[in-house]
Structures are given as structure tokens and as C-alpha cells.
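Presented below is the structure to which this report refers.
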Amino acid sequence: MPTKDEVFEKIQTALVDALGVDDEDVTPDATLVGDLGAESIDFLDIVFRLEKSFEIKIPRGELFPEDVLTNADYIQDGRVTDVGVEELRKRMPFANLDDFAKNPVVQDFGSLLTVADMCRFVEGKVEVTD
Amino acid sequence: MRWYWIDRFIEFESGRYAKAVKNVSLAEEHVHDHFTNYPTHPNSLVLEGLAQTGGLLVCEHGHFVEKVILAKVPKAKFYSEAVPGDTLTYTTTVEYIKQEGAMVSGTSYKGDELHAEVEIVFAHLNDPRMDALFDPETFLRMMRLLRAFDVGHAADGSPLKPPQRLLDLVGGEDSSAEGTEL
């Protein structure tokens, strides 16, 4: 059973290997897209490394629910509707969507996921000790 | 020049790994173009050879349905140069194949010496406009030319055969069979 620190270290290694960034760049507050330069194809790579490292399965769309952002029921004029934001909150309990919800422009969504969010996501899938 | 950066497969285990060789020759024009008076097979083409070895492995596993393109190289380490006279042995091993894409890890050896290590991520392109680039006849021709069906095995251990889907698509007139112009 890993500790929270061990979860962070494994995620740090996965992101260093997948994104070619330095250890010190991978801080809890760093955003994957904005600070670490992740692009869409990197998420496939990152998900695989997390699955291997933690021996877990991450179905498509679980970490990054892209289907919500392409669903006409949840999007209007390039913005996520209130119903869409609620759906995102439901699907992403590990992420803090409060700032995004104030101005939910679809284009900005990719930039909000942080390393800390990713840690919480993994902690939701493996048993963790303090 | 043909864009073949491997010469032939020597092992091909469907969905698991593939091994191919690349002989570097002084007769190849490109070895003279990289550094003046210092013939060498550039690392970028070693990477391309590994991508062809791994890419066909991924394609074959999906019966050549998915359009497999090189999307990302998370790791590429080269420990020495490849020069004329070298025989490079490329081995690529499937790390995962998913709906969205795949990843292989790969090595290049010169004899017993580790020459390069790579990781390559492939994406599955979902765009019918690109169909022309993924002609079934071309895949059949490449696999035959590279002897994949001579040395390969399916997942159940039986000899590797061209997917029926590909044969159906090229119909009765399979001009990729041996003896035809490439």
C-alpha cells in the first residue's frame, strides 16, 4: 500500500518520462498542459505509465472526460453549460473546477488539470496510507 | 530511393515483438550526406527503422484496420554511431495496444553491443481522408518484401498469414505477390 508521497513520486517519474521535463518542474501545483507542456497524445502515454506503475486500469475518458467536451448537450457557443459543468464535477471529483466554472470556456479546460489532481485521481484508485 | 529503413524481418510474433535487420552499406547514398567525409547512418533513420519495425507489428495486430502513425518518441538514446559495414538488429516489443494508439519499446544492437534504446508511441488516426495513404496492397507488399510471413507467428503459434481482410480488399488480383514490380 503506497503512501501519498510514494504516489507523488511515481507520478513524478511518469511525467518526467512521458514529457521530458525535469523532476523539479513536477510540483503539485503545476498544470499538465500549461506548465509541463503536455499535448493530447501525451495523455495516452501518461495513462499507460500510470497503469503500469500502479497496476491499475484507467478506462478512456476517466482522467480526461473528452466526451463531455464534444457532446452538444453540454456545450453552447464554445462554453460548457451549467449542466455540462455539473457533469464534469461528477466525472472529475479529483479536480477543483471552481475557477473553471466561473468562465467555462471549452478551450481553457485542457489547461486546468494539475499534478495534485492527478495524485488525487490515483489515490481514488489505489489504497493509500498517510 | 524507397522509404524502407529495414531490410527484412528475422522474427515476427504477432502482438508481442518483432525483430528486423538493417545492413548499412557504403553504397547507400544517404550515408555520404550526413557528415562530409564521414559516412554514417543517421540516428533519425535508425529511429525510422525502429518505427517501421514496431509500426508494422502494431498494424498487423489490428489486421491493418487502424491507420497507425508515429505520434511521439518519449525516449531515444544512442550509444554509438552506425557506420557502413554494421548490421543493426532492431527489436521492438509491444508495451500496449489500445483503441487510441499503441506504444513499443525498442533496441538496436550492433552484434552484442547495445547501439540505441527507444520508446515510440503510435496514434490510431481516425480520418477517412487518409485512406489513400494506407493502401492494403502496400501493406501486403511491405510485409512480403520484408519476409514477415516467412518468419512470423500468429498469437496462437501458427505461421503468420496475411489477414483475410487485406486479401479480400485487394481481391483476386494481388499484385503484391512475389515477382511483381515494387
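Chain identifiers are assigned as A, B, and so on, following the order in which chains appear in the C-alpha cells; residues are numbered from 1 within each chain, and ligands are numbered from 1 in order of appearance.
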key: Secondary structure check, strand (DSSP E or B) residues of chain A, as a PyMOL selection string   = chain A and resi 3+31+75-76+79-80+105+114+129
Take the residues just selected and output them with C-alpha atoms as a short mmCIF file (atom, residue, chain, number, x, y, z; two decimals), in the first residue's frame.
data_model
loop_
_atom_site.label_atom_id
_atom_site.label_comp_id
_atom_site.auth_asym_id
_atom_site.auth_seq_id
_atom_site.Cartn_x
_atom_site.Cartn_y
_atom_site.Cartn_z
CA THR A 3 1.93 6.41 0.89
CA THR A 31 -0.65 22.22 -14.68
CA ILE A 75 -21.61 22.79 -24.96
CA GLN A 76 -23.02 26.09 -26.20
CA ARG A 79 -18.64 27.22 -23.43
CA VAL A 80 -19.60 24.38 -21.14
CA VAL A 105 -14.56 28.22 -21.97
CA THR A 114 -2.72 19.78 -12.15
CA THR A 129 -1.69 5.25 3.65
#
ask   = Hey, what does DSSP flag as alpha helix (DSSP H) within region 37-90 of chain A? Can you give it to me as a ChimeraX atom specification?
value = /A:40-54,66-69,82-90
Export of the given selection (C-alpha atoms) as an mmCIF file, in the first residue's frame:
data_model
loop_
_atom_site.group_PDB
_atom_site.id
_atom_site.type_symbol
_atom_site.label_atom_id
_atom_site.label_comp_id
_atom_site.auth_asym_id
_atom_site.auth_seq_id
_atom_site.Cartn_x
_atom_site.Cartn_y
_atom_site.Cartn_z
ATOM 1 C CA SER A 40 -3.208 15.416 -26.395
ATOM 2 C CA ILE A 41 -1.076 12.430 -27.432
ATOM 3 C CA ASP A 42 0.836 12.714 -24.139
ATOM 4 C CA PHE A 43 -2.275 11.753 -22.193
ATOM 5 C CA LEU A 44 -2.265 8.340 -23.858
ATOM 6 C CA ASP A 45 1.365 7.931 -22.835
ATOM 7 C CA ILE A 46 0.781 9.228 -19.291
ATOM 8 C CA VAL A 47 -2.230 6.968 -18.739
ATOM 9 C CA PHE A 48 -0.200 3.925 -19.835
ATOM 10 C CA ARG A 49 2.647 4.798 -17.460
ATOM 11 C CA LEU A 50 0.221 5.266 -14.562
ATOM 12 C CA GLU A 51 -1.469 1.946 -15.338
ATOM 13 C CA LYS A 52 1.872 0.155 -15.381
ATOM 14 C CA SER A 53 3.320 1.902 -12.364
ATOM 15 C CA PHE A 54 0.282 1.461 -10.107
ATOM 16 C CA GLU A 66 -13.160 14.489 -23.507
ATOM 17 C CA ASP A 67 -16.542 13.083 -24.482
ATOM 18 C CA VAL A 68 -18.255 15.731 -22.332
ATOM 19 C CA LEU A 69 -16.457 18.467 -24.232
ATOM 20 C CA ASP A 82 -24.186 24.593 -16.278
ATOM 21 C CA VAL A 83 -25.366 21.038 -16.838
ATOM 22 C CA GLY A 84 -22.043 20.269 -18.508
ATOM 23 C CA VAL A 85 -20.075 21.694 -15.590
ATOM 24 C CA GLU A 86 -22.113 19.547 -13.200
ATOM 25 C CA GLU A 87 -21.344 16.509 -15.343
ATOM 26 C CA LEU A 88 -17.643 17.371 -15.258
ATOM 27 C CA ARG A 89 -17.752 17.729 -11.444
ATOM 28 C CA LYS A 90 -19.402 14.331 -11.216
#
request  = Please provide the set of residues having any atom within 10 Å of Glu48 (chain B), restricted to only C-alpha atoms, with same-chain residues fewer than 2 positions apart removed, written as a PyMOL selection string.
outcome  = chain B and resi 3-6+43-46+50-55+70
If you keep N, CA, C and O atoms, can you produce a file of those selected residues as a compact mmCIF listing (two decimals), in the first residue's frame?
# COMPACT_ATOMS: atom_id res chain seq x y z
N TRP B 3 11.46 4.21 -49.27
CA TRP B 3 11.49 4.57 -47.85
C TRP B 3 11.41 3.31 -46.97
O TRP B 3 10.54 3.15 -46.15
N TYR B 4 12.33 2.42 -47.22
CA TYR B 4 12.42 1.21 -46.40
C TYR B 4 13.68 1.33 -45.55
O TYR B 4 14.80 1.33 -46.08
N TRP B 5 13.51 1.39 -44.26
CA TRP B 5 14.69 1.54 -43.41
C TRP B 5 14.94 0.30 -42.56
O TRP B 5 15.63 0.35 -41.54
N ILE B 6 14.35 -0.81 -43.00
CA ILE B 6 14.75 -2.13 -42.52
C ILE B 6 14.88 -3.02 -43.76
O ILE B 6 14.24 -2.75 -44.78
N ASN B 43 21.10 8.80 -36.91
CA ASN B 43 20.24 8.28 -35.84
C ASN B 43 18.75 8.43 -36.18
O ASN B 43 17.93 7.60 -35.78
N SER B 44 18.41 9.50 -36.90
CA SER B 44 17.00 9.71 -37.25
C SER B 44 16.48 8.55 -38.10
O SER B 44 15.31 8.16 -37.98
N LEU B 45 17.35 7.98 -38.93
CA LEU B 45 16.91 6.86 -39.77
C LEU B 45 16.95 5.53 -39.01
O LEU B 45 16.25 4.59 -39.38
N VAL B 46 17.77 5.47 -37.98
CA VAL B 46 17.69 4.31 -37.07
C VAL B 46 16.31 4.33 -36.40
O VAL B 46 15.61 3.32 -36.32
N LEU B 50 13.31 1.59 -36.58
CA LEU B 50 12.65 1.01 -35.40
C LEU B 50 11.14 1.27 -35.46
O LEU B 50 10.33 0.42 -35.07
N ALA B 51 10.77 2.46 -35.95
CA ALA B 51 9.34 2.79 -36.08
C ALA B 51 8.67 1.89 -37.12
O ALA B 51 7.51 1.50 -36.96
N GLN B 52 9.39 1.56 -38.19
CA GLN B 52 8.81 0.65 -39.19
C GLN B 52 8.68 -0.76 -38.61
O GLN B 52 7.68 -1.44 -38.84
N THR B 53 9.69 -1.17 -37.85
CA THR B 53 9.63 -2.50 -37.22
C THR B 53 8.44 -2.58 -36.25
O THR B 53 7.66 -3.54 -36.27
N GLY B 54 8.30 -1.55 -35.44
CA GLY B 54 7.21 -1.55 -34.45
C GLY B 54 5.87 -1.20 -35.06
O GLY B 54 4.83 -1.73 -34.65
N GLY B 55 5.87 -0.31 -36.04
CA GLY B 55 4.62 0.12 -36.66
C GLY B 55 3.92 -1.02 -37.39
O GLY B 55 2.71 -1.19 -37.27
N LEU B 70 3.24 7.37 -36.44
CA LEU B 70 4.17 7.69 -35.35
C LEU B 70 3.75 9.03 -34.75
O LEU B 70 3.66 10.03 -35.48
message = Report as a PyMOL selection string all protein, DNA and RNA residues lying within 7 Å of Leu57 (chain B), evaluated on only C-alpha atoms, omitting residues in the same chain fewer than 3 positions from it.
response = chain B and resi 14-15+18+53-54+60-61
key: Pick from B:Pro74, B:Gly106, B:Gly85, B:Pro39, whichever lies nearest to chain A using only C-alpha atoms   =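 The shortest atom-to-atom distance to chain A comes from B:Pro74.
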Could you please tell me, as a PDB file with N, CA, C and O atoms, in the first residue's frame, which residues of chain B have an atom within 10 Å of chain A when using only C-alpha atoms?
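Output contents, as saved in selection20.pdb:
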ATOM      1  N   ALA B  71       3.477   9.036 -33.468  1.00  0.00           N
ATOM      2  CA  ALA B  71       2.963  10.256 -32.848  1.00  0.00           C
ATOM      3  C   ALA B  71       3.961  10.889 -31.891  1.00  0.00           C
ATOM      4  O   ALA B  71       3.960  12.101 -31.687  1.00  0.00           O
ATOM      5  N   LYS B  72       4.836  10.078 -31.303  1.00  0.00           N
ATOM      6  CA  LYS B  72       5.660  10.625 -30.227  1.00  0.00           C
ATOM      7  C   LYS B  72       6.824   9.693 -29.934  1.00  0.00           C
ATOM      8  O   LYS B  72       6.676   8.467 -30.028  1.00  0.00           O
ATOM      9  N   VAL B  73       7.946  10.272 -29.592  1.00  0.00           N
ATOM     10  CA  VAL B  73       9.109   9.471 -29.190  1.00  0.00           C
ATOM     11  C   VAL B  73       9.505   9.914 -27.780  1.00  0.00           C
ATOM     12  O   VAL B  73      10.267  10.872 -27.612  1.00  0.00           O
ATOM     13  N   PRO B  74       8.967   9.249 -26.755  1.00  0.00           N
ATOM     14  CA  PRO B  74       9.280   9.685 -25.393  1.00  0.00           C
ATOM     15  C   PRO B  74      10.750   9.465 -25.026  1.00  0.00           C
ATOM     16  O   PRO B  74      11.284  10.149 -24.163  1.00  0.00           O
ATOM     17  N   LYS B  75      11.379   8.495 -25.692  1.00  0.00           N
ATOM     18  CA  LYS B  75      12.768   8.193 -25.318  1.00  0.00           C
ATOM     19  C   LYS B  75      13.543   7.764 -26.563  1.00  0.00           C
ATOM     20  O   LYS B  75      13.048   6.976 -27.377  1.00  0.00           O
ATOM     21  N   GLU B  95       4.361  -2.595 -25.788  1.00  0.00           N
ATOM     22  CA  GLU B  95       4.078  -2.236 -24.391  1.00  0.00           C
ATOM     23  C   GLU B  95       2.568  -2.203 -24.161  1.00  0.00           C
ATOM     24  O   GLU B  95       2.092  -2.620 -23.127  1.00  0.00           O
ATOM     25  N   TYR B  96       1.848  -1.640 -25.109  1.00  0.00           N
ATOM     26  CA  TYR B  96       0.386  -1.692 -25.048  1.00  0.00           C
ATOM     27  C   TYR B  96      -0.178  -1.395 -26.431  1.00  0.00           C
ATOM     28  O   TYR B  96       0.463  -0.720 -27.241  1.00  0.00           O
ATOM     29  N   ILE B  97      -1.330  -1.934 -26.699  1.00  0.00           N
ATOM     30  CA  ILE B  97      -2.101  -1.550 -27.890  1.00  0.00           C
ATOM     31  C   ILE B  97      -3.516  -1.274 -27.412  1.00  0.00           C
ATOM     32  O   ILE B  97      -4.176  -2.160 -26.860  1.00  0.00           O
ATOM     33  N   LYS B  98      -3.943  -0.020 -27.568  1.00  0.00           N
ATOM     34  CA  LYS B  98      -5.282   0.377 -27.130  1.00  0.00           C
ATOM     35  C   LYS B  98      -6.061   0.910 -28.324  1.00  0.00           C
ATOM     36  O   LYS B  98      -5.525   1.025 -29.410  1.00  0.00           O
ATOM     37  N   GLN B  99      -7.307   1.279 -28.022  1.00  0.00           N
ATOM     38  CA  GLN B  99      -8.159   1.816 -29.084  1.00  0.00           C
ATOM     39  C   GLN B  99      -7.555   3.095 -29.683  1.00  0.00           C
ATOM     40  O   GLN B  99      -7.607   3.317 -30.887  1.00  0.00           O
ATOM     41  N   GLU B 100      -6.989   3.939 -28.833  1.00  0.00           N
ATOM     42  CA  GLU B 100      -6.494   5.232 -29.312  1.00  0.00           C
ATOM     43  C   GLU B 100      -5.110   5.158 -29.923  1.00  0.00           C
ATOM     44  O   GLU B 100      -4.712   6.029 -30.691  1.00  0.00           O
ATOM     45  N   GLY B 101      -4.319   4.166 -29.536  1.00  0.00           N
ATOM     46  CA  GLY B 101      -2.953   4.106 -30.027  1.00  0.00           C
ATOM     47  C   GLY B 101      -2.176   2.978 -29.382  1.00  0.00           C
ATOM     48  O   GLY B 101      -2.758   2.091 -28.747  1.00  0.00           O
ATOM     49  N   ALA B 102      -0.866   3.036 -29.538  1.00  0.00           N
ATOM     50  CA  ALA B 102      -0.036   1.934 -29.053  1.00  0.00           C
ATOM     51  C   ALA B 102       1.348   2.460 -28.705  1.00  0.00           C
ATOM     52  O   ALA B 102       1.738   3.559 -29.119  1.00  0.00           O
ATOM     53  N   MET B 103       2.070   1.673 -27.921  1.00  0.00           N
ATOM     54  CA  MET B 103       3.461   2.035 -27.648  1.00  0.00           C
ATOM     55  C   MET B 103       4.328   0.798 -27.746  1.00  0.00           C
ATOM     56  O   MET B 103       3.922  -0.292 -27.325  1.00  0.00           O
ATOM     57  N   GLU B 119      11.600   4.455 -27.098  1.00  0.00           N
ATOM     58  CA  GLU B 119      10.170   4.195 -26.874  1.00  0.00           C
ATOM     59  C   GLU B 119       9.429   4.968 -27.954  1.00  0.00           C
ATOM     60  O   GLU B 119       9.778   6.121 -28.228  1.00  0.00           O
ATOM     61  N   ILE B 120       8.464   4.347 -28.569  1.00  0.00           N
ATOM     62  CA  ILE B 120       7.721   5.006 -29.654  1.00  0.00           C
ATOM     63  C   ILE B 120       6.219   4.854 -29.405  1.00  0.00           C
ATOM     64  O   ILE B 120       5.733   3.747 -29.166  1.00  0.00           O
ATOM     65  N   VAL B 121       5.522   5.986 -29.445  1.00  0.00           N
ATOM     66  CA  VAL B 121       4.058   5.974 -29.299  1.00  0.00           C
ATOM     67  C   VAL B 121       3.442   6.163 -30.685  1.00  0.00           C
ATOM     68  O   VAL B 121       3.838   7.063 -31.430  1.00  0.00           O
ATOM     69  N   PHE B 122       2.508   5.307 -31.009  1.00  0.00           N
ATOM     70  CA  PHE B 122       1.776   5.413 -32.271  1.00  0.00           C
ATOM     71  C   PHE B 122       0.347   5.840 -31.958  1.00  0.00           C
ATOM     72  O   PHE B 122      -0.236   5.398 -30.961  1.00  0.00           O
ATOM     73  N   ALA B 123      -0.219   6.687 -32.824  1.00  0.00           N
ATOM     74  CA  ALA B 123      -1.631   7.043 -32.687  1.00  0.00           C
ATOM     75  C   ALA B 123      -2.412   6.317 -33.768  1.00  0.00           C
ATOM     76  O   ALA B 123      -1.879   6.018 -34.843  1.00  0.00           O
TER      77      ALA B 123
END
request  = State, in Å with one decimal place, the distance from CA of Met1 (chain A) to CA of Ala38 (chain A).
outcome  = 28.8 Å
task = Could you tell me how far CA of Glu137 (chain B) lies from CA of Glu13 (chain B), in Å and to one decimal?
result = 21.5 Å
request  = Please identify all polymer residues within 9 Å of Leu63 (chain A), counting only C-alpha atoms, omitting same-chain residues fewer than 2 positions from it, and present them as a ChimeraX atom specification.
outcome  = /A:43,47,58-61,65,91-92,118,121
Can you write out the residues you just picked, keeping C-alpha atoms, as a PDB file, in the first residue's frame?
ATOM      1  CA  PHE A  43      -2.275  11.753 -22.193  1.00  0.00           C
ATOM      2  CA  VAL A  47      -2.230   6.968 -18.739  1.00  0.00           C
ATOM      3  CA  ILE A  58      -7.796   3.649 -16.464  1.00  0.00           C
ATOM      4  CA  PRO A  59     -10.644   3.467 -18.989  1.00  0.00           C
ATOM      5  CA  ARG A  60     -10.677   6.047 -21.765  1.00  0.00           C
ATOM      6  CA  GLY A  61     -12.203   9.327 -20.663  1.00  0.00           C
ATOM      7  CA  PRO A  65     -13.571  13.230 -19.973  1.00  0.00           C
ATOM      8  CA  ARG A  91     -16.858  12.723 -13.542  1.00  0.00           C
ATOM      9  CA  MET A  92     -13.823  14.505 -12.087  1.00  0.00           C
ATOM     10  CA  MET A 118      -3.598  13.521 -10.860  1.00  0.00           C
ATOM     11  CA  PHE A 121      -7.158  10.623  -9.147  1.00  0.00           C
TER      12      PHE A 121
END
Spatial neighbours of Asp7 (chain B), max dist 8 Å, only C-alpha atoms, sep filter under 6 positions, as an mmCIF file with N, CA, C and O atoms, in the first residue's frame:
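What follows is the written file selection_27.cif:
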data_model
loop_
_atom_site.group_PDB
_atom_site.id
_atom_site.type_symbol
_atom_site.label_atom_id
_atom_site.label_comp_id
_atom_site.auth_asym_id
_atom_site.auth_seq_id
_atom_site.Cartn_x
_atom_site.Cartn_y
_atom_site.Cartn_z
ATOM 1 N N ALA B 20 14.043 -7.113 -36.688
ATOM 2 C CA ALA B 20 14.396 -6.873 -38.086
ATOM 3 C C ALA B 20 15.863 -6.478 -38.172
ATOM 4 O O ALA B 20 16.450 -6.023 -37.179
ATOM 5 N N VAL B 21 16.451 -6.654 -39.354
ATOM 6 C CA VAL B 21 17.838 -6.219 -39.526
ATOM 7 C C VAL B 21 17.920 -5.111 -40.563
ATOM 8 O O VAL B 21 17.112 -5.038 -41.490
ATOM 9 N N LYS B 22 18.919 -4.271 -40.363
ATOM 10 C CA LYS B 22 19.242 -3.206 -41.310
ATOM 11 C C LYS B 22 20.751 -3.278 -41.558
ATOM 12 O O LYS B 22 21.548 -3.117 -40.631
ATOM 13 N N ASN B 23 21.127 -3.545 -42.791
ATOM 14 C CA ASN B 23 22.543 -3.556 -43.154
ATOM 15 C C ASN B 23 22.923 -2.174 -43.676
ATOM 16 O O ASN B 23 22.297 -1.668 -44.614
ATOM 17 N N LEU B 146 9.493 -7.750 -46.742
ATOM 18 C CA LEU B 146 10.321 -7.820 -45.532
ATOM 19 C C LEU B 146 10.300 -9.211 -44.895
ATOM 20 O O LEU B 146 10.832 -9.407 -43.807
#
query = In Å, with one decimal, what is the gap from CA of Val170 (chain B) to CA of Val104 (chain B)?
reply =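 Value for the CA of Val170 (chain B)-CA of Val104 (chain B) distance: 28.7 Å.
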